[in-house]
Amino acid sequence: MLSEATAHHSPWARALSLLLAVPIGLLLLIHPAAMLDNHGHYSHSLLMLVMWGVSAGFVHGVGFVPRFWLWSVLFGPWVGWPAMLLGYGLLTAANLG
């Protein structure tokens with residue numbers, strides 16, 4: 001398992017961050033209705049987490065490492081990846097439901 005410092009410098013981890021962030025980010029910008037549930041509603045609290053994850057994915061993916069430890073954790077891969085995977089899970093549930 002990668003340590004926090006290793007994940008910040010690994011090109012594979014950065015590529016994974018971008019590969020997760022770009023599709024879900026574009027989908028949220030171009031076709032946000034794809035995230036509607038079967039009742040036609042959004043889960044705003046969950047989508048906020050997904051947007052945070054997308055932001056973290058872009059921050060980490062382009063190679064920016066915040067100096068302040070809290071920002072480094074909040075916009076690092078260990079927070080971003082699960083939040084983006086949550087977004088893909090919500091998208092799957094919305095399209096299957």
# chains A, B, ... in the order shown; residues from 1 in each chain; ligands from 1
$ select_by_dssp --residues "range 7-96 of chain A" --states "helix (DSSP H, G or I)" --output "ChimeraX atom specification"
/A:7-9,11-30,32-35,44-61,69-74,77-96
$ closest_atom_pairs --of "range 5-28 of chain A" --to "range 85-89 of chain A" --cutoff "10 Å" --atoms "only C-alpha atoms" --output "CSV"
residue,atom,partner,partner_atom,distance
A:Leu20,CA,A:Leu85,CA,7.9
A:Ala21,CA,A:Leu85,CA,9.7
A:Pro23,CA,A:Tyr88,CA,9.6
A:Ile24,CA,A:Gly87,CA,7.2
A:Gly25,CA,A:Gly87,CA,9.7
A:Leu28,CA,A:Gly87,CA,9.8
$ closest_residue --among "A:Ser17, A:Val54, A:Met84, A:Phe75" --to "Leu29 in chain A" --atoms "only C-alpha atoms"
A:Val54
$ atom_distance --atom1 "CA of Gly97 in chain A" --atom2 "CA of Val79 in chain A"
27.0 Å
$ atom_distance --atom1 "CA of Val50 in chain A" --atom2 "CA of Pro66 in chain A"
20.1 Å
$ closest_residue --among "A:Leu36, A:Leu46, A:Ala15, A:Ala94" --to "Gly63 in chain A" --atoms "only C-alpha atoms"
A:Ala15
